[in-house]
file coords_37.cif (mmCIF, C-alpha atoms)
data_run
#
loop_
_atom_site.group_PDB
_atom_site.id
_atom_site.type_symbol
_atom_site.label_atom_id
_atom_site.label_comp_id
_atom_site.auth_asym_id
_atom_site.auth_seq_id
_atom_site.Cartn_x
_atom_site.Cartn_y
_atom_site.Cartn_z
ATOM 1 C CA MET V 233 0.000 0.000 0.000
ATOM 2 C CA ILE V 234 1.339 3.453 -0.936
ATOM 3 C CA SER V 235 1.557 5.894 1.977
ATOM 4 C CA LEU V 236 0.100 9.362 1.492
ATOM 5 C CA PRO V 237 0.596 12.560 3.502
ATOM 6 C CA ARG V 238 -2.471 13.131 5.649
ATOM 7 C CA SER V 239 -3.329 16.065 7.912
ATOM 8 C CA PHE V 240 -2.725 15.201 11.542
ATOM 9 C CA ALA V 241 -3.220 16.786 14.961
ATOM 10 C CA GLN V 242 -2.647 15.726 18.534
ATOM 11 C CA ILE V 243 -5.060 17.329 20.962
ATOM 12 C CA ASP V 244 -4.878 17.413 24.754
ATOM 13 C CA VAL V 245 -8.376 17.014 26.187
ATOM 14 C CA PHE V 246 -9.953 17.995 29.514
ATOM 15 C CA THR V 247 -7.250 20.589 30.162
ATOM 16 C CA ALA V 248 -6.463 24.181 29.219
ATOM 17 C CA GLN V 249 -2.692 23.548 29.325
ATOM 18 C CA SER V 250 -0.885 21.079 27.116
ATOM 19 C CA GLY V 251 0.595 18.089 28.869
ATOM 20 C CA MET V 252 -1.944 18.082 31.695
ATOM 21 C CA GLY V 253 -4.867 16.252 30.045
ATOM 22 C CA ASN V 254 -5.435 13.156 27.925
ATOM 23 C CA PRO V 255 -3.994 13.285 24.396
ATOM 24 C CA VAL V 256 -5.719 11.917 21.323
ATOM 25 C CA ALA V 257 -4.118 11.504 17.908
ATOM 26 C CA VAL V 258 -6.379 12.622 15.047
ATOM 27 C CA VAL V 259 -5.876 11.758 11.381
ATOM 28 C CA LEU V 260 -8.066 14.314 9.623
ATOM 29 C CA ASP V 261 -8.331 12.909 6.095
ATOM 30 C CA SER V 262 -8.584 9.145 6.477
ATOM 31 C CA ALA V 263 -10.347 8.163 3.246
ATOM 32 C CA GLY V 264 -8.909 4.997 1.770
ATOM 33 C CA LEU V 265 -7.259 3.704 4.949
ATOM 34 C CA SER V 266 -7.910 0.044 5.729
ATOM 35 C CA ASP V 267 -8.960 -1.226 9.137
ATOM 36 C CA ASP V 268 -5.523 -2.834 9.531
ATOM 37 C CA ALA V 269 -3.758 0.423 8.711
ATOM 38 C CA MET V 270 -5.845 2.310 11.272
ATOM 39 C CA GLN V 271 -5.214 -0.288 13.958
ATOM 40 C CA ARG V 272 -1.497 -0.434 13.204
ATOM 41 C CA PHE V 273 -1.166 3.354 13.468
ATOM 42 C CA ALA V 274 -3.152 3.367 16.720
ATOM 43 C CA ARG V 275 -0.710 0.861 18.197
ATOM 44 C CA TRP V 276 2.203 2.961 16.941
ATOM 45 C CA THR V 277 0.997 6.198 18.564
ATOM 46 C CA ASN V 278 0.742 4.251 21.843
ATOM 47 C CA LEU V 279 -1.986 6.611 23.084
ATOM 48 C CA SER V 280 -5.168 5.456 24.745
ATOM 49 C CA GLU V 281 -7.047 6.377 21.524
ATOM 50 C CA THR V 282 -6.305 7.404 17.958
ATOM 51 C CA THR V 283 -9.106 8.634 15.688
ATOM 52 C CA PHE V 284 -9.708 8.792 11.967
ATOM 53 C CA VAL V 285 -11.993 11.427 10.439
ATOM 54 C CA LEU V 286 -14.016 10.405 7.376
ATOM 55 C CA PRO V 287 -16.867 11.842 5.310
ATOM 56 C CA PRO V 288 -20.230 11.044 6.920
ATOM 57 C CA THR V 289 -22.532 8.388 5.515
ATOM 58 C CA ASP V 290 -25.493 9.877 7.410
ATOM 59 C CA ALA V 291 -26.734 13.161 5.933
ATOM 60 C CA ARG V 292 -27.420 14.542 9.402
ATOM 61 C CA ALA V 293 -23.764 14.262 10.471
ATOM 62 C CA ASP V 294 -20.933 16.730 9.932
ATOM 63 C CA TYR V 295 -18.235 14.050 9.877
ATOM 64 C CA ARG V 296 -17.728 10.364 10.685
ATOM 65 C CA LEU V 297 -15.237 9.171 13.280
ATOM 66 C CA ARG V 298 -13.583 5.825 13.851
ATOM 67 C CA ILE V 299 -11.898 5.371 17.218
ATOM 68 C CA PHE V 300 -9.095 2.904 17.885
ATOM 69 C CA ALA V 301 -7.388 1.951 21.143
ATOM 70 C CA PRO V 302 -4.175 -0.108 21.003
ATOM 71 C CA GLY V 303 -6.302 -3.177 21.683
ATOM 72 C CA GLY V 304 -9.059 -2.606 19.115
ATOM 73 C CA GLU V 305 -11.788 -0.339 17.754
ATOM 74 C CA LEU V 306 -14.284 1.371 20.074
ATOM 75 C CA PRO V 307 -17.886 2.280 19.178
ATOM 76 C CA PHE V 308 -17.636 5.479 21.242
ATOM 77 C CA ALA V 309 -15.218 7.283 23.534
ATOM 78 C CA GLY V 310 -15.479 10.669 25.185
ATOM 79 C CA HIS V 311 -12.112 12.391 25.071
ATOM 80 C CA PRO V 312 -11.528 11.326 21.432
ATOM 81 C CA THR V 313 -14.926 12.834 20.580
ATOM 82 C CA LEU V 314 -14.010 16.229 22.029
ATOM 83 C CA GLY V 315 -10.435 16.185 20.746
ATOM 84 C CA SER V 316 -11.434 15.134 17.229
ATOM 85 C CA CYS V 317 -14.150 17.800 17.090
ATOM 86 C CA HIS V 318 -11.588 20.409 18.194
ATOM 87 C CA ALA V 319 -9.182 19.254 15.450
ATOM 88 C CA TRP V 320 -11.932 19.187 12.802
ATOM 89 C CA LEU V 321 -13.047 22.726 13.645
ATOM 90 C CA ALA V 322 -9.448 24.001 13.783
ATOM 91 C CA ALA V 323 -8.823 22.518 10.327
ATOM 92 C CA GLY V 324 -11.709 24.548 8.900
ATOM 93 C CA GLY V 325 -14.638 22.216 9.445
ATOM 94 C CA THR V 326 -17.970 24.035 9.268
ATOM 95 C CA PRO V 327 -20.963 22.477 11.014
ATOM 96 C CA LYS V 328 -24.306 22.360 9.246
ATOM 97 C CA SER V 329 -25.963 24.008 12.252
ATOM 98 C CA PRO V 330 -24.199 26.932 14.011
ATOM 99 C CA GLY V 331 -23.038 26.042 17.508
ATOM 100 C CA ARG V 332 -23.932 22.369 17.091
ATOM 101 C CA ILE V 333 -21.706 19.661 15.625
ATOM 102 C CA VAL V 334 -22.968 16.160 14.862
ATOM 103 C CA GLN V 335 -20.466 13.311 14.956
ATOM 104 C CA GLN V 336 -21.256 9.968 13.384
ATOM 105 C CA CYS V 337 -19.578 6.966 15.005
ATOM 106 C CA ALA V 338 -20.347 3.295 15.527
ATOM 107 C CA LYS V 339 -22.481 4.186 18.566
ATOM 108 C CA GLY V 340 -24.663 6.455 16.398
ATOM 109 C CA LEU V 341 -24.980 10.221 16.124
ATOM 110 C CA ILE V 342 -23.386 12.238 18.926
ATOM 111 C CA ASP V 343 -24.367 15.887 19.430
ATOM 112 C CA ILE V 344 -21.563 18.246 20.432
ATOM 113 C CA ARG V 345 -22.157 21.809 21.579
ATOM 114 C CA ARG V 346 -19.903 24.795 22.141
ATOM 115 C CA ASP V 347 -19.912 26.333 25.606
ATOM 116 C CA GLY V 348 -17.752 29.361 24.798
ATOM 117 C CA GLU V 349 -14.329 27.891 24.015
ATOM 118 C CA ARG V 350 -15.262 24.610 25.675
ATOM 119 C CA LEU V 351 -16.828 21.662 23.855
ATOM 120 C CA ALA V 352 -19.330 19.252 25.413
ATOM 121 C CA PHE V 353 -20.866 16.063 24.049
ATOM 122 C CA ALA V 354 -24.340 14.717 24.721
ATOM 123 C CA ALA V 355 -23.789 11.496 26.637
ATOM 124 C CA PRO V 356 -25.253 8.552 24.720
ATOM 125 C CA PRO V 357 -27.631 6.250 26.606
ATOM 126 C CA SER V 358 -26.010 3.819 29.036
ATOM 127 C CA GLN V 359 -27.143 0.318 29.854
ATOM 128 C CA TYR V 360 -26.961 -0.715 33.504
ATOM 129 C CA SER V 361 -26.700 -4.162 35.029
ATOM 130 C CA GLU V 362 -25.942 -5.542 38.466
ATOM 131 C CA PRO V 363 -22.474 -7.072 38.786
ATOM 132 C CA LEU V 364 -22.215 -10.700 39.827
ATOM 133 C CA PRO V 365 -21.293 -10.761 43.542
ATOM 134 C CA ALA V 366 -18.380 -13.124 42.974
ATOM 135 C CA VAL V 367 -16.941 -10.943 40.203
ATOM 136 C CA LEU V 368 -17.427 -7.782 42.273
ATOM 137 C CA ALA V 369 -15.531 -9.387 45.164
ATOM 138 C CA GLN V 370 -12.664 -10.316 42.835
ATOM 139 C CA VAL V 371 -12.541 -6.802 41.363
ATOM 140 C CA ALA V 372 -12.535 -5.236 44.836
ATOM 141 C CA GLN V 373 -9.627 -7.479 45.775
ATOM 142 C CA ALA V 374 -7.781 -6.586 42.565
ATOM 143 C CA ILE V 375 -7.993 -2.828 43.207
ATOM 144 C CA GLY V 376 -7.272 -3.242 46.931
ATOM 145 C CA VAL V 377 -10.484 -2.236 48.699
ATOM 146 C CA ASN V 378 -12.716 -4.021 51.179
ATOM 147 C CA THR V 379 -16.472 -4.328 50.859
ATOM 148 C CA ALA V 380 -17.089 -1.568 53.439
ATOM 149 C CA GLN V 381 -15.358 0.932 51.134
ATOM 150 C CA VAL V 382 -17.654 0.110 48.187
ATOM 151 C CA LEU V 383 -20.838 2.179 48.525
ATOM 152 C CA ARG V 384 -22.446 0.854 45.354
ATOM 153 C CA ALA V 385 -21.485 -0.897 42.139
ATOM 154 C CA GLN V 386 -22.921 -1.214 38.655
ATOM 155 C CA VAL V 387 -21.859 -2.440 35.233
ATOM 156 C CA LEU V 388 -22.136 0.534 32.865
ATOM 157 C CA ASP V 389 -22.185 0.266 29.077
ATOM 158 C CA ASN V 390 -22.336 3.234 26.698
ATOM 159 C CA GLY V 391 -20.039 1.620 24.143
ATOM 160 C CA PRO V 392 -17.095 0.974 26.457
ATOM 161 C CA VAL V 393 -18.099 -1.321 29.339
ATOM 162 C CA PHE V 394 -16.930 -0.628 32.895
ATOM 163 C CA MET V 395 -17.476 -2.284 36.230
ATOM 164 C CA ALA V 396 -18.103 0.971 38.122
ATOM 165 C CA LEU V 397 -17.557 1.313 41.870
ATOM 166 C CA GLN V 398 -18.536 4.277 43.986
ATOM 167 C CA LEU V 399 -16.023 4.304 46.842
ATOM 168 C CA ASP V 400 -16.265 5.956 50.235
ATOM 169 C CA SER V 401 -14.003 8.935 49.484
ATOM 170 C CA ALA V 402 -11.751 10.622 46.953
ATOM 171 C CA SER V 403 -8.831 9.760 49.218
ATOM 172 C CA THR V 404 -9.565 6.057 48.800
ATOM 173 C CA VAL V 405 -9.686 6.515 45.025
ATOM 174 C CA LEU V 406 -6.337 8.328 44.990
ATOM 175 C CA THR V 407 -4.516 5.742 47.112
ATOM 176 C CA LEU V 408 -5.550 2.671 45.077
ATOM 177 C CA GLU V 409 -2.697 0.498 43.798
ATOM 178 C CA PRO V 410 -4.468 -2.024 41.554
ATOM 179 C CA ASP V 411 -3.165 -5.419 40.585
ATOM 180 C CA HIS V 412 -3.349 -4.765 36.843
ATOM 181 C CA ALA V 413 -2.369 -8.325 35.940
ATOM 182 C CA LEU V 414 -5.275 -9.663 37.995
ATOM 183 C CA LEU V 415 -7.710 -7.211 36.378
ATOM 184 C CA ALA V 416 -6.492 -8.421 32.986
ATOM 185 C CA ARG V 417 -7.091 -12.043 34.001
ATOM 186 C CA LEU V 418 -10.577 -11.088 35.224
ATOM 187 C CA LYS V 419 -11.174 -9.341 31.870
ATOM 188 C CA GLN V 420 -12.678 -6.322 33.567
ATOM 189 C CA ASN V 421 -12.378 -2.611 32.807
ATOM 190 C CA VAL V 422 -12.964 -0.870 36.135
ATOM 191 C CA GLY V 423 -14.007 2.703 36.878
ATOM 192 C CA VAL V 424 -13.936 4.147 40.391
ATOM 193 C CA VAL V 425 -15.312 7.400 41.770
ATOM 194 C CA GLY V 426 -15.238 8.999 45.229
ATOM 195 C CA ARG V 427 -16.359 12.354 46.610
ATOM 196 C CA TYR V 428 -14.124 14.966 48.155
ATOM 197 C CA SER V 429 -15.048 15.949 51.688
ATOM 198 C CA SER V 430 -15.859 19.574 52.487
ATOM 199 C CA GLY V 431 -12.727 21.712 52.428
ATOM 200 C CA GLN V 432 -10.506 18.941 51.062
ATOM 201 C CA THR V 433 -8.279 19.908 48.161
ATOM 202 C CA LEU V 434 -6.105 17.915 45.816
ATOM 203 C CA LEU V 435 -4.147 20.829 44.330
ATOM 204 C CA PRO V 436 -0.388 20.573 44.921
ATOM 205 C CA PRO V 437 1.106 24.005 45.685
ATOM 206 C CA THR V 438 3.281 23.832 42.554
ATOM 207 C CA GLN V 439 0.317 23.736 40.196
ATOM 208 C CA SER V 440 -1.693 26.789 39.215
ATOM 209 C CA ASN V 441 -5.454 26.965 38.972
ATOM 210 C CA ARG V 442 -5.059 28.043 35.353
ATOM 211 C CA ALA V 443 -3.156 24.873 34.527
ATOM 212 C CA LEU V 444 -5.831 22.756 36.108
ATOM 213 C CA GLY V 445 -8.770 24.508 34.508
ATOM 214 C CA THR V 446 -11.695 26.192 36.189
ATOM 215 C CA GLY V 447 -13.925 24.636 38.803
ATOM 216 C CA GLU V 448 -13.162 22.852 42.051
ATOM 217 C CA PRO V 449 -13.721 19.111 41.676
ATOM 218 C CA LEU V 450 -16.481 17.381 43.603
ATOM 219 C CA VAL V 451 -15.252 13.871 42.804
ATOM 220 C CA GLU V 452 -12.096 12.008 41.796
ATOM 221 C CA VAL V 453 -12.353 9.394 39.048
ATOM 222 C CA ARG V 454 -9.940 6.702 37.865
ATOM 223 C CA ALA V 455 -10.224 4.197 35.012
ATOM 224 C CA PHE V 456 -8.337 0.895 34.772
ATOM 225 C CA VAL V 457 -8.682 -0.509 31.253
ATOM 226 C CA PRO V 458 -6.811 -3.790 30.677
ATOM 227 C CA LEU V 459 -9.187 -4.731 27.854
ATOM 228 C CA MET V 460 -7.758 -1.806 25.842
ATOM 229 C CA ASP V 461 -4.160 -2.804 26.681
ATOM 230 C CA ILE V 462 -3.837 0.181 29.035
ATOM 231 C CA ASN V 463 -3.279 -0.025 32.782
ATOM 232 C CA GLU V 464 -4.858 3.365 33.571
ATOM 233 C CA ASP V 465 -6.483 5.883 31.247
ATOM 234 C CA PRO V 466 -5.618 9.472 32.263
ATOM 235 C CA ILE V 467 -9.060 11.045 31.720
ATOM 236 C CA THR V 468 -12.065 9.131 30.407
ATOM 237 C CA GLY V 469 -15.057 10.962 28.943
ATOM 238 C CA SER V 470 -17.189 7.874 28.314
ATOM 239 C CA LEU V 471 -16.760 6.641 31.897
ATOM 240 C CA ASN V 472 -17.541 10.079 33.318
ATOM 241 C CA ALA V 473 -20.654 10.196 31.134
ATOM 242 C CA SER V 474 -22.043 6.885 32.369
ATOM 243 C CA LEU V 475 -21.040 7.608 35.979
ATOM 244 C CA ALA V 476 -22.952 10.895 35.779
ATOM 245 C CA GLN V 477 -26.081 9.263 34.365
ATOM 246 C CA TRP V 478 -25.994 6.567 37.042
ATOM 247 C CA LEU V 479 -25.129 8.649 40.108
ATOM 248 C CA ILE V 480 -27.163 11.785 39.319
ATOM 249 C CA GLU V 481 -30.210 9.569 38.815
ATOM 250 C CA ALA V 482 -29.438 7.801 42.107
ATOM 251 C CA GLY V 483 -29.243 11.136 43.944
ATOM 252 C CA GLU V 484 -25.565 10.633 44.774
ATOM 253 C CA LEU V 485 -24.324 13.557 42.671
ATOM 254 C CA PRO V 486 -25.875 16.945 41.828
ATOM 255 C CA PRO V 487 -27.034 17.844 38.288
ATOM 256 C CA SER V 488 -23.908 19.953 37.706
ATOM 257 C CA TYR V 489 -20.396 19.252 38.977
ATOM 258 C CA VAL V 490 -16.720 18.952 38.053
ATOM 259 C CA ALA V 491 -14.813 15.664 38.189
ATOM 260 C CA ALA V 492 -11.036 15.415 38.537
ATOM 261 C CA GLN V 493 -9.156 12.581 36.872
ATOM 262 C CA GLY V 494 -5.513 11.804 36.132
ATOM 263 C CA THR V 495 -4.143 13.143 39.416
ATOM 264 C CA VAL V 496 -2.196 9.970 40.235
ATOM 265 C CA LEU V 497 -0.644 10.035 36.747
ATOM 266 C CA GLY V 498 0.550 13.616 37.091
ATOM 267 C CA ARG V 499 -2.287 14.975 34.958
ATOM 268 C CA ALA V 500 -4.940 17.484 35.968
ATOM 269 C CA GLY V 501 -8.053 16.589 34.026
ATOM 270 C CA ARG V 502 -11.253 18.503 34.689
ATOM 271 C CA VAL V 503 -14.493 17.026 33.364
ATOM 272 C CA HIS V 504 -17.479 19.399 33.444
ATOM 273 C CA VAL V 505 -20.793 17.564 33.813
ATOM 274 C CA GLU V 506 -24.284 19.015 33.493
ATOM 275 C CA ARG V 507 -27.718 17.452 33.252
ATOM 276 C CA ASP V 508 -30.055 19.861 31.485
ATOM 277 C CA ALA V 509 -33.769 20.447 32.044
ATOM 278 C CA GLN V 510 -34.632 17.719 29.528
ATOM 279 C CA GLY V 511 -32.543 15.170 31.426
ATOM 280 C CA GLN V 512 -29.707 15.053 28.878
ATOM 281 C CA VAL V 513 -26.258 14.723 30.442
ATOM 282 C CA TRP V 514 -23.538 16.821 28.792
ATOM 283 C CA VAL V 515 -19.851 16.090 29.350
ATOM 284 C CA GLY V 516 -17.425 18.873 28.502
ATOM 285 C CA GLY V 517 -13.889 20.070 28.916
ATOM 286 C CA ASP V 518 -11.182 22.313 27.590
ATOM 287 C CA THR V 519 -9.158 21.188 24.576
ATOM 288 C CA VAL V 520 -5.814 22.411 23.252
ATOM 289 C CA THR V 521 -3.805 21.620 20.122
ATOM 290 C CA VAL V 522 -0.320 20.313 20.924
ATOM 291 C CA VAL V 523 0.884 18.924 17.565
ATOM 292 C CA ARG V 524 -0.209 19.873 14.047
ATOM 293 C CA GLY V 525 1.246 18.600 10.773
ATOM 294 C CA GLU V 526 1.157 15.569 8.477
ATOM 295 C CA VAL V 527 1.619 11.826 8.829
ATOM 296 C CA MET V 528 2.477 9.351 6.104
ATOM 297 C CA LEU V 529 -0.243 6.688 6.005
#
call {"tool": "encode", "arguments": {"input": "coords_37.cif", "output": "structure tokens"}}
result
Amino acid sequence: MISLPRSFAQIDVFTAQSGMGNPVAVVLDSAGLSDDAMQRFARWTNLSETTFVLPPTDARADYRLRIFAPGGELPFAGHPTLGSCHAWLAAGGTPKSPGRIVQQCAKGLIDIRRDGERLAFAAPPSQYSEPLPAVLAQVAQAIGVNTAQVLRAQVLDNGPVFMALQLDSASTVLTLEPDHALLARLKQNVGVVGRYSSGQTLLPPTQSNRALGTGEPLVEVRAFVPLMDINEDPITGSLNASLAQWLIEAGELPPSYVAAQGTVLGRAGRVHVERDAQGQVWVGGDTVTVVRGEVML
């Protein structure tokens, strides 16, 4: 296969300062690339996700997106959605409706809105199911918590599937040292969330509020994703979306809040969540271009 120069960007997502969020690699003109070529490039970038922008096949969409992790293609993912939309707009993409971008992906059509300079996607519907008690016990052991520290648990599926655990505090979330090999053997992606207590802060004195983005976090989130060949994803839009739908509905979280993620990895992700009057959950964050150029594919 002959390689061609293709427009490329690498976007840092859920941060206003490069190097503090979750990067996504975006190939902006992907027509003609085979599935194998996309997967091979995604493994080469060694990022949690690499995306490929294509012309839409649905007339309602502005563009079509394929999303690849090192371990395979995903029907939907949050930070690649925001980062790819940022790259598409920066490259001159013009949405059919002002202020509203429609992304086509394997999960369906995803609405994206502009909140000033910030982008936010409409969280797709999640499916919930109760985890098997034996599997939940094994997962708790693998991440190093006891049953008293698990307030509730649910299997969440909005494309990516996570065993989600609400833990007793943000401090518990931050101090986890998972057995990643055991999680891989259990074949479980695991998301954890815990609330900050009143007055508690996670901001190290060496980091500025500007670097971290606006808004004090209410919760800390972490995502362990062995099924995507990644021990821990820095900041995970799809997980935050399904956590919000689950825990706002359960009365555990308010309709609007900020989640922190990536702290343990030296990142400072800020995920802005809002459920609107119609019950739609929106997941947003800052995005910044870090690399722009061409790749030979």
call {"tool": "residues_around", "arguments": {"input": "coords_37.cif", "residues": "stretch 337-353 of chain V", "least_positions_apart": "2", "cutoff": "9 Å", "atoms": "all atoms listed in the file", "output": "PyMOL selection string"}}
result
chain V and resi 290+292-293+295-299+306-308+310+313-315+317-318+331-335+355-356+390-391+504-505+513-519
call {"tool": "atom_distance", "arguments": {"input": "coords_37.cif", "atom1": "atom CA of V:Gln386", "atom2": "atom CA of V:Ala366"}}
result
13.5 Å
call {"tool": "resolve_selection", "arguments": {"input": "coords_37.cif", "expression": "the PyMOL selection byres ((chain V and resi 471) around 9)", "output": "mmCIF file with C-alpha atoms, in the coordinates of the input"}}
result
data_model
loop_
_atom_site.group_PDB
_atom_site.id
_atom_site.type_symbol
_atom_site.label_atom_id
_atom_site.label_comp_id
_atom_site.auth_asym_id
_atom_site.auth_seq_id
_atom_site.Cartn_x
_atom_site.Cartn_y
_atom_site.Cartn_z
ATOM 1 C CA ALA V 309 -15.218 7.283 23.534
ATOM 2 C CA GLY V 310 -15.479 10.669 25.185
ATOM 3 C CA LEU V 388 -22.136 0.534 32.865
ATOM 4 C CA ASP V 389 -22.185 0.266 29.077
ATOM 5 C CA ASN V 390 -22.336 3.234 26.698
ATOM 6 C CA PRO V 392 -17.095 0.974 26.457
ATOM 7 C CA VAL V 393 -18.099 -1.321 29.339
ATOM 8 C CA PHE V 394 -16.930 -0.628 32.895
ATOM 9 C CA ALA V 396 -18.103 0.971 38.122
ATOM 10 C CA GLY V 423 -14.007 2.703 36.878
ATOM 11 C CA VAL V 453 -12.353 9.394 39.048
ATOM 12 C CA ALA V 455 -10.224 4.197 35.012
ATOM 13 C CA ILE V 467 -9.060 11.045 31.720
ATOM 14 C CA THR V 468 -12.065 9.131 30.407
ATOM 15 C CA GLY V 469 -15.057 10.962 28.943
ATOM 16 C CA SER V 470 -17.189 7.874 28.314
ATOM 17 C CA ASN V 472 -17.541 10.079 33.318
ATOM 18 C CA ALA V 473 -20.654 10.196 31.134
ATOM 19 C CA SER V 474 -22.043 6.885 32.369
ATOM 20 C CA LEU V 475 -21.040 7.608 35.979
ATOM 21 C CA ALA V 476 -22.952 10.895 35.779
#
call {"tool": "resolve_selection", "arguments": {"input": "coords_37.cif", "expression": "the PyMOL selection byres ((chain V and resi 286) around 7)", "output": "number ranges by chain"}}
result
V: 261-263, 284-285, 287-288, 295-297
call {"tool": "atom_distance", "arguments": {"input": "coords_37.cif", "atom1": "atom CA of V:Pro357", "atom2": "atom CA of V:Ala385"}}
result
18.2 Å
call {"tool": "resolve_selection", "arguments": {"input": "coords_37.cif", "expression": "the PyMOL selection byres ((chain V and resi 377-384) around 7)", "output": "list in words"}}
result
Ala372, Gln373, Ile375, Gly376, Ala385, Leu397, Gln398, Leu399 and Asp400 of chain V
call {"tool": "closest_residue", "arguments": {"input": "coords_37.cif", "among": "V:Thr521, V:Ser250, V:Gln493, V:Thr282", "to": "V:Phe456", "atoms": "all atoms listed in the file"}}
result
V:Gln493
call {"tool": "residues_around", "arguments": {"input": "coords_37.cif", "residues": "V:Met252", "least_positions_apart": "6", "cutoff": "7 Å", "atoms": "only C-alpha atoms", "output": "PyMOL selection string"}}
result
chain V and resi 499-501
call {"tool": "residues_near_point", "arguments": {"input": "coords_37.cif", "point": "(-8.3, -8.6, 39.5)", "cutoff": "7 Å", "atoms": "all atoms listed in the file", "output": "PyMOL selection string"}}
result
chain V and resi 370-371+373-375+411-418
